[in-house]
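The structure under discussion appears below in the form of structure tokens.
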Amino acid sequence: MKRYDLITPEGTRDLLFEDCLARREVEKTLAALFEGFGYSEVVTPGIEFYDAFSGSTRNFRQESLYKLTDSKGRLIVLRPDSTIPIARLAATRLKDADSPLRLYYNQSVFSNNALLKGRSDEVVQAGIELIGGDNVKRADLEVLCTAVEALASFDKENFRLEIGHIGYFKELVAQLNVDEDIIEEIRLLISSKNFPALNDLLDEIGDNEITRALKQLPSLFGGIEVLDKASDIYANDKITGILYNLRKVFNRLSSLGYEGKISVDLGIVSHTDYYTGIVFKGYLSEVGQSVLKGGRYDNLIGSFGKELPAVGFGVNVDSVALHLERIGANPAGKPVDAVIFGEKGYVVEAMSYAQKLVREGCKLEHSLFNSYEETVEYAKSKGIKKVITVGEEITENNI
């Protein structure tokens with residue numbers, strides 16, 4: 001293959017000028033929001049030991065990981081997730097810190113999506129983790145409100161947040177006499193809302209009130225009436241408690257001014273080994289998939305050595321930037337104020353003067369041409385309105 005055929009690996013892309021501006025705008029907005037709610041930034045390594053992502057509460061499919069070995073032959077991976085490394089951090093380096101911990105991050109994650117065309121293998125995520133604290137309900141509400149504020153920061157009118165609870169699904173499948181592989185297959189089919197394949201699989205298991213409830217799970221989304229429908233389909237004491245708590249969360253969020261932006265989806269069943277309680281997804285109108293995902297994960301940090309409850313979410317920065325581009329809200333970069341041209345013998349002086357102006361907040365380009373005339377033509381071609389000439393005197397000319 002010729003070298004000019006090697007653009008970028010599949011699942012990756014170059015970002016050019018407007019793309020970079022949009023990404024930075026999203027990152028800056030989220031950082032300001034998170035810091036405003038009292039969260040402190042942490043950064044974890046881009047590579048981690050494979051074992052960090054293969055425990056019982058943090059099982060990632062091997063084929064989805066980018067794997068390599070270190071100098072000692074140990075298996076390591078490019079970070080596929082930010083929450084797990086932060087859970088490790090909380091249980092180790094921050095084990096003696098006062099609780100609760102409010103942490104936020106902004107970093108890339110990597111996953112091998114070879115069979116999923118159109119998915120990026122490298123994604124920038126920004127998110128928060130609220131770790132510790134005795135009042136789970138207050139912590140959930142804080143993180144959910146922050147999630148809504150994050151979505152509203154980018155499109156106040158055209159966003160929505162879907163809330164669910166992983167316990168509903170777990171309680172149903174716990175009553176099926178099937179192995180973990182079948183449960184995982186059921187989960188994947190519900191998550192993708194693949195009704196035909198789900199029905200076929202559950203028919204093989206048998207016809208009972210549990211399989212009938214699972215068949216309807218992908219359709220249990222909408223307004224608060226979904227909770228009544230779910231209760232009518234199947235309920236026991238545990239499920240009744242889950243639905244009651246979801247109703248309270250829905251009403252609280254609506255009362256905070258988010259009415260009409262919140263919906264229920266009991267078919268949110270991502271990472272069943274990972275999450276233990278409330279789960280949620282956020283959407284913006286111009287992106288066809290969720291741009292925000294999160295939930296409660298009370299067992300994860302304990303697998304690293306210190307039992308701590310936690311809840312958090314991550315935002316796909318690149319997807320939000322794409323939304324901004326599609327609605328025409330891409331931030332404009334600061335225009336170049338002038339081209340600075342040093343006459344013969346005054347190149348160093350021109351650079352020194354440029355440094356002074358940049359420190360004062362100007363945005364400049366340094367002319368690489370030998371003549372003033374060529375510099376003017378270049379400035380015109382770039383739409384730059386001023387040329388500053390440095391010689392025996394310093395002159396500014398509008399062009």
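By order of appearance in the structure tokens: chains A, B, ..., then residues from 1 within every chain, and ligands from 1 in the order shown.
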DSSP helix (DSSP H, G or I) residues within range 79-219 of chain A, listed as a VMD selection string = chain A and resid 83 to 91 136 to 152 166 to 173 180 to 191 195 to 205 209 to 219
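Summary of the local environment: counting only C-alpha atoms, residues at most 10 Å from range 152-154 of chain A, other than itself and those fewer than 5 positions away along its chain, are Glu25, Val26, Thr29, Leu30, Leu33, Thr146, Ala147, Phe159, Arg160, Tyr258, Lys261, Leu284, Val320, Ala321, His323, Leu324 and Ala329 of chain A.
With only C-alpha atoms as the atoms that count, the residue of A:Gly267, A:Phe304, A:Thr83, A:Asp19 with the shortest distance to Asp51 in chain A is A:Phe304.
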request  = Could you please write out, as a PyMOL selection string, every residue of range 68-212 of chain A that DSSP assigns to strand (DSSP E or B)?
outcome  = chain A and resi 68-69+75-78+101-110+122-131+159-165
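Surrounding range 371-382 of chain A within 10 Å are Val336, Ala338, Val339, Ile340, Phe341, Gly342, Glu343, Lys344, Glu365, His366, Ser367, Leu368, Phe369, Ile384, Lys385, Lys386, Val387, Ile388, Thr389, Asn397, Asn398 and Ile399 of chain A, with only C-alpha atoms counted and residues fewer than 2 positions along the same chain left out.
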key: Shortest interatomic distance to Asp155 in chain A - which of A:Ser111, A:Asn299, A:Ser285, A:Ser263, counting only C-alpha atoms   =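 Among the listed residues, A:Ser285 lies closest to Asp155 in chain A.
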message = When you look at Asp121 in chain A with a cut-off of 9 Å (counting only C-alpha atoms), what residues show up, excluding the ones that are within fewer than 2 positions of it in the same chain? I need them as a PyMOL selection string.
response = chain A and resi 10-12+109-114+119+123
task = Measuring atom to atom with only C-alpha atoms, identify which of A:Ile394, A:Ala213, A:Ile205, A:Leu15 is nearest to Asp179 in chain A.
result =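 Going through A:Ile394, A:Ala213, A:Ile205, A:Leu15 one by one, the smallest distance to Asp179 in chain A is for A:Ile205.
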message = Env of range 194-202 of chain A: 7 Å cut, atoms = only C-alpha atoms, seq-sep filter 4 positions within chain, self excluded. Answer as a list of chain:residue names.
response =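 Non-adjacent residues within range: A:Ile186, A:Leu189, A:Ile190, A:Gly206, A:Thr211, A:Lys215.
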Could you dump the residues just selected with all heavy atoms as a PDB file, in the first residue's frame?
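This went into result-v4.pdb:
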ATOM      1  N   ILE A 186     -29.982 -11.662  26.366  1.00  0.00           N
ATOM      2  CA  ILE A 186     -31.257 -10.968  26.603  1.00  0.00           C
ATOM      3  C   ILE A 186     -31.016  -9.478  26.792  1.00  0.00           C
ATOM      4  O   ILE A 186     -31.724  -8.633  26.233  1.00  0.00           O
ATOM      5  CB  ILE A 186     -31.977 -11.561  27.831  1.00  0.00           C
ATOM      6  CG1 ILE A 186     -32.415 -13.007  27.561  1.00  0.00           C
ATOM      7  CG2 ILE A 186     -33.190 -10.706  28.208  1.00  0.00           C
ATOM      8  CD1 ILE A 186     -32.940 -13.724  28.789  1.00  0.00           C
ATOM      9  N   LEU A 189     -30.252  -7.722  23.489  1.00  0.00           N
ATOM     10  CA  LEU A 189     -31.436  -7.605  22.624  1.00  0.00           C
ATOM     11  C   LEU A 189     -32.397  -6.538  23.154  1.00  0.00           C
ATOM     12  O   LEU A 189     -33.003  -5.799  22.368  1.00  0.00           O
ATOM     13  CB  LEU A 189     -32.137  -8.960  22.512  1.00  0.00           C
ATOM     14  CG  LEU A 189     -31.344 -10.048  21.769  1.00  0.00           C
ATOM     15  CD1 LEU A 189     -32.058 -11.386  21.864  1.00  0.00           C
ATOM     16  CD2 LEU A 189     -31.144  -9.659  20.311  1.00  0.00           C
ATOM     17  N   ILE A 190     -32.530  -6.443  24.465  1.00  0.00           N
ATOM     18  CA  ILE A 190     -33.375  -5.389  25.040  1.00  0.00           C
ATOM     19  C   ILE A 190     -32.750  -4.023  24.789  1.00  0.00           C
ATOM     20  O   ILE A 190     -33.440  -3.073  24.405  1.00  0.00           O
ATOM     21  CB  ILE A 190     -33.587  -5.626  26.547  1.00  0.00           C
ATOM     22  CG1 ILE A 190     -34.461  -6.860  26.771  1.00  0.00           C
ATOM     23  CG2 ILE A 190     -34.224  -4.403  27.208  1.00  0.00           C
ATOM     24  CD1 ILE A 190     -34.607  -7.270  28.222  1.00  0.00           C
ATOM     25  N   GLY A 206     -39.302 -20.362  27.617  1.00  0.00           N
ATOM     26  CA  GLY A 206     -40.603 -20.791  28.125  1.00  0.00           C
ATOM     27  C   GLY A 206     -41.580 -19.647  28.212  1.00  0.00           C
ATOM     28  O   GLY A 206     -41.193 -18.471  28.132  1.00  0.00           O
ATOM     29  N   THR A 211     -40.962 -14.175  31.435  1.00  0.00           N
ATOM     30  CA  THR A 211     -40.583 -14.017  30.025  1.00  0.00           C
ATOM     31  C   THR A 211     -41.537 -13.053  29.331  1.00  0.00           C
ATOM     32  O   THR A 211     -41.114 -12.275  28.463  1.00  0.00           O
ATOM     33  CB  THR A 211     -40.576 -15.370  29.291  1.00  0.00           C
ATOM     34  OG1 THR A 211     -41.859 -16.000  29.426  1.00  0.00           O
ATOM     35  CG2 THR A 211     -39.492 -16.288  29.846  1.00  0.00           C
ATOM     36  N   LYS A 215     -40.360  -9.555  27.497  1.00  0.00           N
ATOM     37  CA  LYS A 215     -40.707  -9.231  26.117  1.00  0.00           C
ATOM     38  C   LYS A 215     -41.200  -7.791  25.977  1.00  0.00           C
ATOM     39  O   LYS A 215     -40.999  -7.150  24.951  1.00  0.00           O
ATOM     40  CB  LYS A 215     -41.788 -10.190  25.608  1.00  0.00           C
ATOM     41  CG  LYS A 215     -41.298 -11.586  25.291  1.00  0.00           C
ATOM     42  CD  LYS A 215     -42.442 -12.470  24.785  1.00  0.00           C
ATOM     43  CE  LYS A 215     -41.963 -13.872  24.466  1.00  0.00           C
ATOM     44  NZ  LYS A 215     -43.060 -14.734  23.972  1.00  0.00           N
TER      45      LYS A 215
END
Could you build a table of the residues in range 236-307 of chain A lying no more than 10 Å from range 129-133 of chain A, giving for each the nearest pair of atoms and their separation in Å rounded to one decimal place, using only C-alpha atoms, ordered by chain and ascending residue number, as JSON lines?
{"residue": "A:Gly294", "atom": "CA", "partner": "A:Glu129", "partner_atom": "CA", "distance": 9.5}
{"residue": "A:Gly295", "atom": "CA", "partner": "A:Glu129", "partner_atom": "CA", "distance": 9.8}
{"residue": "A:Arg296", "atom": "CA", "partner": "A:Leu130", "partner_atom": "CA", "distance": 9.5}
{"residue": "A:Tyr297", "atom": "CA", "partner": "A:Ile131", "partner_atom": "CA", "distance": 9.6}
{"residue": "A:Asp298", "atom": "CA", "partner": "A:Ile131", "partner_atom": "CA", "distance": 9.1}
{"residue": "A:Ile301", "atom": "CA", "partner": "A:Ile131", "partner_atom": "CA", "distance": 9.0}
{"residue": "A:Glu307", "atom": "CA", "partner": "A:Gly132", "partner_atom": "CA", "distance": 8.9}
ask   = Out of A:Glu142, A:Asp207, A:Glu162, A:Glu349, which residue has the shortest atom-to-atom distance to Val279 in chain A when counting only C-alpha atoms?
value = A:Glu162
task = Name the residues in contact with Thr276 in chain A at a cut-off of 10 Å, using only C-alpha atoms, excluding same-chain residues fewer than 2 positions from it; report them as a ChimeraX atom specification.
result = /A:57,165-167,170,271-274,278-279,295-300,309-311
inquiry  = Measuring between only C-alpha atoms, which one of A:Asn245, A:Asn370, A:Ser108, A:Gln355 shows the shortest distance to Ile224 in chain A?
reply    = A:Asn245
Neighbour list for Leu141 in chain A as an MDAnalysis selection string, cut-off 9 Å, only C-alpha atoms, skip fewer than 5 positions in-chain = chainID A and resid 136 146 249 252:253
